[in-house]
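Here's the structure, in structure tokens; my notes come after.
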Amino acid sequence: MALTTRGGGGAGGGDPSKAPSASDPSLGFLTKRDTEVKLPRATRVKNKTPAPIQITAEQILREARERQEPEIRPPKQKITDTHELSEYRLRKRKEFEDVIRRVRWSVSAWVKYARWEEQQRDFARARSVYERALDVAHRDHTLWLKYAEFEMRNRFVNHARNVWDRAVSLLPRVDQLWYKYIHMEELLGAVANARQVFERWMAWRPDTAGWNSYIKFELRYGEVERARAIYERFVAEHPRPDTFIRYAKFEMKRGEVERARRVYERAADLLADDEDAEVLFVAFAEFEERCREVERARAIYKYALDRVPKGRAEELYRKFLAFEKQFGDREGIEDAIVGKRRFQYEDEVRKNPLNYDSWFDYIRLEESVGNKNRIREVYERAIANVPPAEEKRYWQRYIYLWINYALYEELDAQDIERTRDVYKECLRLIPHKKFTFAKIWLMAAQFEIRQRNLKAARQFLGNAIGMAPKGKIFKKYIEIELYLGNFDRCRTLYEKYIEWAPANCYAWRKYAELEKNLSETDRARSIYELAIAQPALDTPEVLWKEYLQFEIDESEFGRARDLYERLLDRTKHLKVWISYAEFEASAGLGSEDSESEEKKNEVGYQEQQMERVSKCRAIFVRAFDYFRTSAPELKEERAMLLEEWLNKEVSFGDLGDVSLVQKKAPRKVKRKRPIPTEDGSTIAYEEYIDYIFPDEVAQAPNLKILEAAYKWKKQKTGDDDE
């Protein structure tokens with residue numbers, strides 16, 4: 001029936017040809033109006049206030065159930081004679097056959113058919129139905145179970161045995177078939193037959209449940225020796241900790257302590273490397289505890305802790321700690337606590353083997369215990385975790401594992417050869433072409449020196465300079481040779497040092513200092529000359545200062561003066577000018593200080609003093625002219641120069657001319673300058689000190705006006721004060 005809604009083109013309007021025809025053959029005697037379904041209009045709720053009586057969903061469901069009509073069941077048919085029974089059976093069999101014909105693979109259909117035949121007490125037909133079903137689904141074990149239960153229900157024992165035999169032959173991996181077969185034989189009291197079935201089952205090598213069932217069967221009938229023999233076969237077939245533990249508990253339950261101990265010992269020898277060995281050792285130790293064999297239990301725990309991997313020994317450590325608290329002394333308890341901490345460190349390094357801090361803590365723990373073999377084992381495991389990347393920042397923590405290892409072998413273990421091997425292996429492992437560690441080279445060399453093997457120490461340091469030269473290595477090597485008095489070797493090393501780092505002023509200075517201490521003045525001067533001739537130096541000011549001091553100490557004032565002039569050709573720094581002036585003011589005073597006071601009043605001394613003052617003043621004048629003409633923007637440096645010049649003129653006493661400097665002294669003025677921002681705009685100003693020199697006032701008219709205003713203000717301030 002079509003569902004339509006009422007539209008605007010009904011019978012009362014529009015074209016009459018489009019009206020529903022009463023003679024439509026498809027509708028019979030009905031019209032289209034009769035077939036229309038009128039949909040209800042949407043109800044508009046006018047009053048939305050809650051009703052005074054509320055109805056719950058539970059009440060609605062209860063009323064619906066109460067008003068439900070009873071189920072219509074077919075009437076029971078009473079059979080009065082054999083003819084009706086035959087008709088009934090024929091009809092039911094036809095129905096079952098039709099069902100089987102439609103769903104031939106449905107096991108439930110076959111089972112229903114067979115059960116109906118069983119209810120009719122026609123066992124031959126029921127058996128025939130089961131056989132037909134087995135032809136269709138002989139791999140379905142539930143069908144075999146139903147078939148065998150049918151035979152057992154109706155006491156066809158031999159038939160049932162036949163069905164079970166066929167079932168376990170076809171499906172030997174289905175344990176339920178074996179259990180049911182054995183259960184039937186036990187119910188019949190045929191123990192020998194049940195044992196024979198068990199043996200057939202064991203030939204198929206079932207899981208532990210099957211073996212346990214066989215053992216329980218023998219124990220139910222008091223066959224202990226047979227059960228023991230089955231246990232032997234069981235542990236041989238399934239060599240697992242749980243099977244051995246079950247076997248040992250069986251022996252312990254019967255008071256056979258020695259037999260149980262032998263079972264545990266066999267298991268410990270056979271399964272020491274098994275994944276679940278922890279469970280076995282715990283059970284063995286608890287067995288010895290129950291037997292009051294405390295030392296045996298402690299030995300088992302320690303043996304297990306040595307053999308079981310630390311990641312799987314958590315329960316073992318916990319049991320051992322509880323055991324020591326119960327039976328051990330203070331030393332044993334401490335040992336157990338150390339074992340627990342050892343387990344924690346093992347867990348940490350197992351999760352992140354590159355966490356070297358955990359390795360350091362672990363090694364420190366083992367060193368506190370003092371077991372050399374275990375300490376070496378942990379060191380070897382730690383240094384095996386080489387950083388994955390050849391970058392020095394990844395190796396900085398790792399290298400201290402090698403350092404601590406070598407120090408332990410030398411100081412604690414006192415194994416010299418092993419220490420030497422540790423140093424060599426560490427140096428072989430470091431990628432020296434990318435980076436190196438001078439500390440390792442130096443420690444290896446110092447170790448050989450402590451062993452009075454100078455040749456090996458030199459070999460280490462020579463290899464270091466050849467493979468990966470560093471400043472620390474050169475310094476230490478030179479220090480060793482200098483201590484031994486091998487000055488030619490020191491010269492060679494300094495030459496190598498300078499060749500490797502020609503810009504290193506430290507190497508040049510120390511080389512020159514060596515020659516100076518050996519009174520090789522010309523050599524030292526040549527080294528200084530080569531040093532200052534280098535195109536690039538890291539700290540040239542220190543080198544020039546030492547060279548100048550060297551010439552001054554040698555009383556070579558002419559050479560020192562030439563050096564200052566050469567230095568001024570390179571830089572016109574304020575400190576250079578001041579140092580030059582200081583030199584001219586004090587040149588030659590060293591020899592005069594040792595003379596008596598009377599000589600100071602001599603004419604020659606006065607002439608020398610005047611000459612020094614004039615030379616010093618000439619340097620200050622040159623410096624002032626340079627800052628005034630060539631670098632006028634360096635006003636602060638010019639002011640500092642005048643301040644030093646003034647102090648020097650004051651120190652000259654009667655020979656000094658303070659007024660000469662005071663005429664050039666600037667005046668300090670506070671000024672403001674804008675502070676530019678990032679976008680270029682000016683928001684704030686800062687104050688700074690500016691210097692106005694007398695020569696600048698004479699050149700600029702604006703500054704003259706400012707100078708006159710300054711003088712007027714100063715004069716007015718003086719009058720007010722008066």
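By convention in this document, the chains of the structure tokens carry letters A, B, ... by their order, each chain's residues are numbered from 1, and ligands are numbered from 1 in the order they are shown.
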Check the DSSP output for the backbone and give back, as JSON, numbers by chain, the residues of stretch 414-606 of chain A in helix (DSSP H, G or I). {"A": [416, 417, 418, 419, 420, 421, 422, 423, 424, 425, 426, 427, 428, 429, 438, 439, 440, 441, 442, 443, 444, 445, 446, 447, 448, 449, 450, 454, 455, 456, 457, 458, 459, 460, 461, 462, 463, 464, 465, 466, 467, 471, 472, 473, 474, 475, 476, 477, 478, 479, 480, 481, 482, 483, 484, 487, 488, 489, 490, 491, 492, 493, 494, 495, 496, 497, 498, 499, 500, 505, 506, 507, 508, 509, 510, 511, 512, 513, 514, 515, 516, 517, 521, 522, 523, 524, 525, 526, 527, 528, 529, 530, 531, 532, 540, 541, 542, 543, 544, 545, 546, 547, 548, 549, 550, 551, 552, 553, 557, 558, 559, 560, 561, 562, 563, 564, 565, 566, 567, 568, 569, 570, 574, 575, 576, 577, 578, 579, 580, 581, 582, 583, 584, 585, 586, 589, 590, 591, 592, 597, 598, 599, 600, 601, 603, 604, 605, 606]}
Long-range neighbours of stretch 288-300 of chain A as a PDB file with N, CA, C and O atoms, in the first residue's frame, 10 Å cut-off, only C-alpha atoms, 2 positions minimum in chain:
```
ATOM      1  N   VAL A 257      62.435 -35.900  52.539  1.00  0.00           N
ATOM      2  CA  VAL A 257      63.182 -34.641  52.466  1.00  0.00           C
ATOM      3  C   VAL A 257      64.362 -34.753  51.506  1.00  0.00           C
ATOM      4  O   VAL A 257      64.608 -33.867  50.679  1.00  0.00           O
ATOM      5  N   ARG A 261      65.076 -32.658  48.149  1.00  0.00           N
ATOM      6  CA  ARG A 261      66.290 -31.862  47.955  1.00  0.00           C
ATOM      7  C   ARG A 261      66.981 -32.251  46.646  1.00  0.00           C
ATOM      8  O   ARG A 261      67.473 -31.380  45.910  1.00  0.00           O
ATOM      9  N   ALA A 268      67.977 -26.963  39.829  1.00  0.00           N
ATOM     10  CA  ALA A 268      68.913 -25.835  39.857  1.00  0.00           C
ATOM     11  C   ALA A 268      70.034 -26.016  38.845  1.00  0.00           C
ATOM     12  O   ALA A 268      70.474 -25.047  38.202  1.00  0.00           O
ATOM     13  N   PHE A 281      64.534 -20.885  42.560  1.00  0.00           N
ATOM     14  CA  PHE A 281      65.490 -20.661  43.643  1.00  0.00           C
ATOM     15  C   PHE A 281      64.777 -20.200  44.923  1.00  0.00           C
ATOM     16  O   PHE A 281      65.173 -20.577  46.026  1.00  0.00           O
ATOM     17  N   VAL A 282      63.754 -19.385  44.763  1.00  0.00           N
ATOM     18  CA  VAL A 282      62.998 -18.954  45.943  1.00  0.00           C
ATOM     19  C   VAL A 282      62.339 -20.153  46.619  1.00  0.00           C
ATOM     20  O   VAL A 282      62.371 -20.301  47.855  1.00  0.00           O
ATOM     21  N   ALA A 283      61.732 -21.035  45.822  1.00  0.00           N
ATOM     22  CA  ALA A 283      61.093 -22.231  46.387  1.00  0.00           C
ATOM     23  C   ALA A 283      62.125 -23.143  47.048  1.00  0.00           C
ATOM     24  O   ALA A 283      61.874 -23.725  48.123  1.00  0.00           O
ATOM     25  N   PHE A 284      63.301 -23.294  46.435  1.00  0.00           N
ATOM     26  CA  PHE A 284      64.371 -24.137  46.998  1.00  0.00           C
ATOM     27  C   PHE A 284      64.826 -23.569  48.345  1.00  0.00           C
ATOM     28  O   PHE A 284      64.983 -24.303  49.339  1.00  0.00           O
ATOM     29  N   ALA A 285      65.040 -22.239  48.386  1.00  0.00           N
ATOM     30  CA  ALA A 285      65.495 -21.623  49.633  1.00  0.00           C
ATOM     31  C   ALA A 285      64.429 -21.739  50.725  1.00  0.00           C
ATOM     32  O   ALA A 285      64.745 -22.015  51.896  1.00  0.00           O
ATOM     33  N   GLU A 286      63.176 -21.545  50.373  1.00  0.00           N
ATOM     34  CA  GLU A 286      62.108 -21.686  51.362  1.00  0.00           C
ATOM     35  C   GLU A 286      61.997 -23.127  51.857  1.00  0.00           C
ATOM     36  O   GLU A 286      61.681 -23.371  53.036  1.00  0.00           O
ATOM     37  N   LYS A 302      72.436 -16.651  47.610  1.00  0.00           N
ATOM     38  CA  LYS A 302      73.613 -15.996  47.025  1.00  0.00           C
ATOM     39  C   LYS A 302      73.937 -16.572  45.655  1.00  0.00           C
ATOM     40  O   LYS A 302      74.299 -15.832  44.723  1.00  0.00           O
ATOM     41  N   TYR A 303      73.802 -17.898  45.531  1.00  0.00           N
ATOM     42  CA  TYR A 303      74.042 -18.515  44.223  1.00  0.00           C
ATOM     43  C   TYR A 303      73.039 -17.990  43.195  1.00  0.00           C
ATOM     44  O   TYR A 303      73.401 -17.687  42.045  1.00  0.00           O
ATOM     45  N   ALA A 304      71.799 -17.847  43.612  1.00  0.00           N
ATOM     46  CA  ALA A 304      70.761 -17.363  42.702  1.00  0.00           C
ATOM     47  C   ALA A 304      71.006 -15.904  42.308  1.00  0.00           C
ATOM     48  O   ALA A 304      70.830 -15.528  41.146  1.00  0.00           O
ATOM     49  N   LEU A 305      71.423 -15.087  43.276  1.00  0.00           N
ATOM     50  CA  LEU A 305      71.670 -13.679  42.964  1.00  0.00           C
ATOM     51  C   LEU A 305      72.817 -13.501  41.985  1.00  0.00           C
ATOM     52  O   LEU A 305      72.855 -12.532  41.221  1.00  0.00           O
ATOM     53  N   ASP A 306      73.764 -14.446  42.005  1.00  0.00           N
ATOM     54  CA  ASP A 306      74.864 -14.383  41.051  1.00  0.00           C
ATOM     55  C   ASP A 306      74.457 -14.854  39.664  1.00  0.00           C
ATOM     56  O   ASP A 306      75.032 -14.407  38.661  1.00  0.00           O
ATOM     57  N   PHE A 320      65.338 -12.520  49.936  1.00  0.00           N
ATOM     58  CA  PHE A 320      66.644 -12.632  50.597  1.00  0.00           C
ATOM     59  C   PHE A 320      66.760 -11.634  51.743  1.00  0.00           C
ATOM     60  O   PHE A 320      67.289 -11.953  52.818  1.00  0.00           O
ATOM     61  N   PHE A 323      64.781 -12.901  54.584  1.00  0.00           N
ATOM     62  CA  PHE A 323      65.475 -14.041  55.185  1.00  0.00           C
ATOM     63  C   PHE A 323      66.601 -13.582  56.109  1.00  0.00           C
ATOM     64  O   PHE A 323      66.756 -14.084  57.231  1.00  0.00           O
ATOM     65  N   GLU A 324      67.400 -12.609  55.640  1.00  0.00           N
ATOM     66  CA  GLU A 324      68.518 -12.129  56.458  1.00  0.00           C
ATOM     67  C   GLU A 324      68.016 -11.411  57.711  1.00  0.00           C
ATOM     68  O   GLU A 324      68.627 -11.505  58.771  1.00  0.00           O
ATOM     69  N   PHE A 327      67.045 -14.475  59.994  1.00  0.00           N
ATOM     70  CA  PHE A 327      68.044 -15.445  60.432  1.00  0.00           C
ATOM     71  C   PHE A 327      69.465 -14.893  60.479  1.00  0.00           C
ATOM     72  O   PHE A 327      70.334 -15.513  61.095  1.00  0.00           O
ATOM     73  N   GLY A 328      69.748 -13.766  59.797  1.00  0.00           N
ATOM     74  CA  GLY A 328      71.131 -13.324  59.659  1.00  0.00           C
ATOM     75  C   GLY A 328      71.587 -12.399  60.761  1.00  0.00           C
ATOM     76  O   GLY A 328      70.807 -11.931  61.586  1.00  0.00           O
ATOM     77  N   GLY A 332      75.191  -9.884  57.535  1.00  0.00           N
ATOM     78  CA  GLY A 332      74.310 -10.477  56.531  1.00  0.00           C
ATOM     79  C   GLY A 332      73.209  -9.527  56.110  1.00  0.00           C
ATOM     80  O   GLY A 332      72.842  -9.456  54.925  1.00  0.00           O
TER      81      GLY A 332
END
```
What lies within 10 Å of A:Glu390 using only C-alpha atoms, ignoring chain neighbours under 3 positions off, as a ChimeraX atom specification? /A:386-387,393-395,430-431,434-435
Selected residues written out, all heavy atoms, as a short mmCIF file (atom, residue, chain, number, x, y, z; two decimals), in the first residue's frame:
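As written to disk, part-v1.cif reads:
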```cif
data_model
loop_
_atom_site.label_atom_id
_atom_site.label_comp_id
_atom_site.auth_asym_id
_atom_site.auth_seq_id
_atom_site.Cartn_x
_atom_site.Cartn_y
_atom_site.Cartn_z
N VAL A 386 79.67 2.80 24.94
CA VAL A 386 80.34 3.92 24.29
C VAL A 386 79.28 4.91 23.79
O VAL A 386 78.23 4.49 23.28
CB VAL A 386 81.19 3.41 23.11
CG1 VAL A 386 81.94 4.56 22.45
CG2 VAL A 386 82.17 2.36 23.61
N PRO A 387 79.52 6.22 23.92
CA PRO A 387 78.55 7.19 23.41
C PRO A 387 78.28 6.99 21.93
O PRO A 387 79.20 6.66 21.16
CB PRO A 387 79.23 8.54 23.69
CG PRO A 387 80.14 8.27 24.83
CD PRO A 387 80.63 6.87 24.65
N ARG A 393 81.02 16.54 23.81
CA ARG A 393 80.09 16.78 24.92
C ARG A 393 79.42 15.49 25.39
O ARG A 393 79.02 15.38 26.53
CB ARG A 393 79.03 17.80 24.52
CG ARG A 393 78.20 17.42 23.32
CD ARG A 393 77.42 18.62 22.80
NE ARG A 393 76.64 18.29 21.63
CZ ARG A 393 75.34 18.04 21.65
NH1 ARG A 393 74.70 18.06 22.81
NH2 ARG A 393 74.68 17.76 20.55
N TYR A 394 79.31 14.50 24.49
CA TYR A 394 78.75 13.22 24.90
C TYR A 394 79.77 12.35 25.63
O TYR A 394 79.40 11.42 26.35
CB TYR A 394 78.23 12.45 23.68
CG TYR A 394 77.06 13.12 22.99
CD1 TYR A 394 77.17 13.55 21.68
CD2 TYR A 394 75.87 13.34 23.66
CE1 TYR A 394 76.10 14.17 21.04
CE2 TYR A 394 74.80 13.96 23.04
CZ TYR A 394 74.93 14.38 21.73
OH TYR A 394 73.88 15.00 21.12
N TRP A 395 81.06 12.64 25.42
CA TRP A 395 82.12 11.81 25.99
C TRP A 395 82.65 12.36 27.31
O TRP A 395 83.43 11.67 27.98
CB TRP A 395 83.29 11.72 25.00
CG TRP A 395 83.01 10.84 23.82
CD1 TRP A 395 82.08 11.05 22.86
CD2 TRP A 395 83.68 9.63 23.46
NE1 TRP A 395 82.11 10.05 21.93
CE2 TRP A 395 83.09 9.17 22.28
CE3 TRP A 395 84.71 8.89 24.03
CZ2 TRP A 395 83.49 8.00 21.65
CZ3 TRP A 395 85.13 7.73 23.40
CH2 TRP A 395 84.53 7.29 22.22
N ILE A 430 89.40 6.53 21.95
CA ILE A 430 89.05 7.94 21.71
C ILE A 430 89.33 8.29 20.25
O ILE A 430 90.42 8.01 19.74
CB ILE A 430 89.85 8.86 22.65
CG1 ILE A 430 89.50 8.56 24.11
CG2 ILE A 430 89.59 10.32 22.33
CD1 ILE A 430 90.37 9.28 25.10
N PRO A 431 88.37 8.92 19.54
CA PRO A 431 88.61 9.35 18.14
C PRO A 431 89.46 10.63 18.11
O PRO A 431 88.93 11.75 18.07
CB PRO A 431 87.20 9.59 17.60
CG PRO A 431 86.38 9.91 18.80
CD PRO A 431 86.97 9.15 19.95
N LYS A 434 88.97 13.76 15.77
CA LYS A 434 87.87 14.71 15.98
C LYS A 434 88.03 15.47 17.30
O LYS A 434 87.75 16.66 17.36
CB LYS A 434 86.54 13.97 15.96
CG LYS A 434 86.23 13.35 14.60
CD LYS A 434 84.82 12.79 14.55
CE LYS A 434 84.50 12.27 13.16
NZ LYS A 434 83.12 11.75 13.07
N PHE A 435 88.44 14.80 18.34
CA PHE A 435 88.69 15.46 19.62
C PHE A 435 89.55 14.52 20.46
O PHE A 435 89.71 13.34 20.14
CB PHE A 435 87.37 15.79 20.35
CG PHE A 435 86.52 14.58 20.65
CD1 PHE A 435 86.71 13.83 21.79
CD2 PHE A 435 85.53 14.19 19.76
CE1 PHE A 435 85.94 12.72 22.05
CE2 PHE A 435 84.75 13.08 20.01
CZ PHE A 435 84.95 12.34 21.16
#
```
Name all residues at most 10 Å from A:Val129 (count only C-alpha atoms; drop same-chain ones fewer than 6 positions away) and give them as a ChimeraX atom specification. /A:110-115,117,123,135,147
Pull N, CA and C atoms from the residues just selected and write them as a PDB file, in the first residue's frame.
```pdb
ATOM      1  N   TRP A 110      21.389 -32.061  13.823  1.00  0.00           N
ATOM      2  CA  TRP A 110      21.620 -33.508  13.937  1.00  0.00           C
ATOM      3  C   TRP A 110      21.388 -33.984  15.369  1.00  0.00           C
ATOM      4  N   VAL A 111      21.859 -33.210  16.349  1.00  0.00           N
ATOM      5  CA  VAL A 111      21.720 -33.620  17.751  1.00  0.00           C
ATOM      6  C   VAL A 111      20.245 -33.645  18.164  1.00  0.00           C
ATOM      7  N   LYS A 112      19.475 -32.667  17.717  1.00  0.00           N
ATOM      8  CA  LYS A 112      18.035 -32.666  18.032  1.00  0.00           C
ATOM      9  C   LYS A 112      17.335 -33.888  17.426  1.00  0.00           C
ATOM     10  N   TYR A 113      17.703 -34.213  16.208  1.00  0.00           N
ATOM     11  CA  TYR A 113      17.120 -35.380  15.535  1.00  0.00           C
ATOM     12  C   TYR A 113      17.450 -36.646  16.310  1.00  0.00           C
ATOM     13  N   ALA A 114      18.738 -36.795  16.719  1.00  0.00           N
ATOM     14  CA  ALA A 114      19.144 -38.005  17.430  1.00  0.00           C
ATOM     15  C   ALA A 114      18.478 -38.080  18.801  1.00  0.00           C
ATOM     16  N   ARG A 115      18.367 -36.953  19.498  1.00  0.00           N
ATOM     17  CA  ARG A 115      17.718 -36.978  20.812  1.00  0.00           C
ATOM     18  C   ARG A 115      16.223 -37.337  20.703  1.00  0.00           C
ATOM     19  N   GLU A 117      14.941 -39.306  18.453  1.00  0.00           N
ATOM     20  CA  GLU A 117      14.912 -40.750  18.231  1.00  0.00           C
ATOM     21  C   GLU A 117      15.185 -41.487  19.539  1.00  0.00           C
ATOM     22  N   PHE A 123      16.965 -46.697  19.567  1.00  0.00           N
ATOM     23  CA  PHE A 123      18.405 -46.424  19.715  1.00  0.00           C
ATOM     24  C   PHE A 123      19.183 -46.683  18.423  1.00  0.00           C
ATOM     25  N   ASP A 135      29.682 -38.328   9.572  1.00  0.00           N
ATOM     26  CA  ASP A 135      30.168 -38.244   8.192  1.00  0.00           C
ATOM     27  C   ASP A 135      30.269 -36.802   7.713  1.00  0.00           C
ATOM     28  N   TYR A 147      27.446 -37.986  21.227  1.00  0.00           N
ATOM     29  CA  TYR A 147      27.283 -39.376  20.794  1.00  0.00           C
ATOM     30  C   TYR A 147      27.668 -40.321  21.924  1.00  0.00           C
TER      31      TYR A 147
END
```
I'd like the neighbourhood of stretch 245-255 of chain A as a VMD selection string, where a residue qualifies if any of its atoms comes within 10 Å (using only C-alpha atoms), though same-chain residues fewer than 6 positions away should be ignored. chain A and resid 212 224 227 to 228 230 to 232 234 to 235 261 to 264 267 279 to 281 283 to 284 287
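Distances from A:Pro535, A:Gly370, A:Pro502, A:Pro74 to A:Asp412 were compared using only C-alpha atoms, and the smallest one belongs to A:Gly370.
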Set the distance at 12 Å and use only C-alpha atoms: which residues neighbour stretch 345-347 of chain A once local chain neighbours fewer than 5 positions away are removed? I'd like the list as JSON, numbers by chain. {"A": [309, 310, 311, 312, 313, 314, 338, 339, 340, 352, 353, 355, 356, 357, 358, 359, 360, 361, 362, 363, 364, 365, 366, 378, 381, 382]}
Next, write the just-selected residues to a file, as a tab-separated table (two decimals), in the first residue's frame, keeping C-alpha atoms as the atom set.
```
chain	number	residue	atom	x	y	z
A	309	PRO	CA	69.75	-11.54	35.67
A	310	LYS	CA	69.19	-8.45	37.78
A	311	GLY	CA	66.15	-7.41	35.78
A	312	ARG	CA	64.27	-10.56	36.86
A	313	ALA	CA	65.50	-10.82	40.45
A	314	GLU	CA	63.21	-8.37	42.21
A	338	VAL	CA	73.54	-3.89	49.39
A	339	GLY	CA	71.95	-6.53	47.21
A	340	LYS	CA	68.71	-4.58	47.12
A	352	ASN	CA	69.18	3.62	30.23
A	353	PRO	CA	72.68	2.18	29.79
A	355	ASN	CA	73.14	7.16	32.12
A	356	TYR	CA	76.73	7.35	33.38
A	357	ASP	CA	75.72	8.85	36.73
A	358	SER	CA	73.91	5.60	37.54
A	359	TRP	CA	77.04	3.67	36.63
A	360	PHE	CA	79.13	5.89	38.94
A	361	ASP	CA	76.73	5.22	41.81
A	362	TYR	CA	76.72	1.50	41.07
A	363	ILE	CA	80.54	1.38	40.98
A	364	ARG	CA	80.74	3.34	44.23
A	365	LEU	CA	78.43	0.78	45.85
A	366	GLU	CA	80.55	-2.14	44.66
A	378	VAL	CA	80.75	-3.43	36.66
A	381	ARG	CA	80.03	-3.25	31.64
A	382	ALA	CA	80.05	0.52	32.14
```
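Taking atom CA of A:Ala468 and atom CA of A:Leu514 as endpoints, the distance between them is 24.9 Å.
Ranking A:Trp116, A:Asn486, A:Glu520, A:Arg205 by their shortest atom-to-atom distance to A:Glu95, with only C-alpha atoms included, puts A:Trp116 first.
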Name the residues in contact with A:Lys663 at a cut-off of 10 Å, using only C-alpha atoms, excluding same-chain residues fewer than 4 positions from it; report them as an MDAnalysis selection string. chainID A and resid 658:659 693:695
Dump N, CA, C and O atoms for the selected residues as a PDB file, in the first residue's frame?
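So the final result, stored in again21.pdb, reads:
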```pdb
ATOM      1  N   VAL A 658     104.211  72.610  36.355  1.00  0.00           N
ATOM      2  CA  VAL A 658     102.795  72.266  36.474  1.00  0.00           C
ATOM      3  C   VAL A 658     101.941  73.183  35.621  1.00  0.00           C
ATOM      4  O   VAL A 658     100.935  72.772  35.038  1.00  0.00           O
ATOM      5  N   SER A 659     102.356  74.444  35.501  1.00  0.00           N
ATOM      6  CA  SER A 659     101.548  75.408  34.734  1.00  0.00           C
ATOM      7  C   SER A 659     101.444  75.021  33.272  1.00  0.00           C
ATOM      8  O   SER A 659     100.448  75.320  32.608  1.00  0.00           O
ATOM      9  N   PHE A 693      88.277  71.787  25.732  1.00  0.00           N
ATOM     10  CA  PHE A 693      89.678  72.169  25.863  1.00  0.00           C
ATOM     11  C   PHE A 693      89.837  73.638  25.457  1.00  0.00           C
ATOM     12  O   PHE A 693      89.035  74.181  24.658  1.00  0.00           O
ATOM     13  N   PRO A 694      90.858  74.282  25.976  1.00  0.00           N
ATOM     14  CA  PRO A 694      91.046  75.713  25.664  1.00  0.00           C
ATOM     15  C   PRO A 694      91.201  75.984  24.183  1.00  0.00           C
ATOM     16  O   PRO A 694      90.699  76.991  23.675  1.00  0.00           O
ATOM     17  N   ASP A 695      91.898  75.156  23.448  1.00  0.00           N
ATOM     18  CA  ASP A 695      92.088  75.380  22.023  1.00  0.00           C
ATOM     19  C   ASP A 695      90.769  75.295  21.263  1.00  0.00           C
ATOM     20  O   ASP A 695      90.584  75.953  20.241  1.00  0.00           O
TER      21      ASP A 695
END
```
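From atom CA of A:Glu584 back to atom CA of A:Cys616, the distance works out to 5.1 Å.
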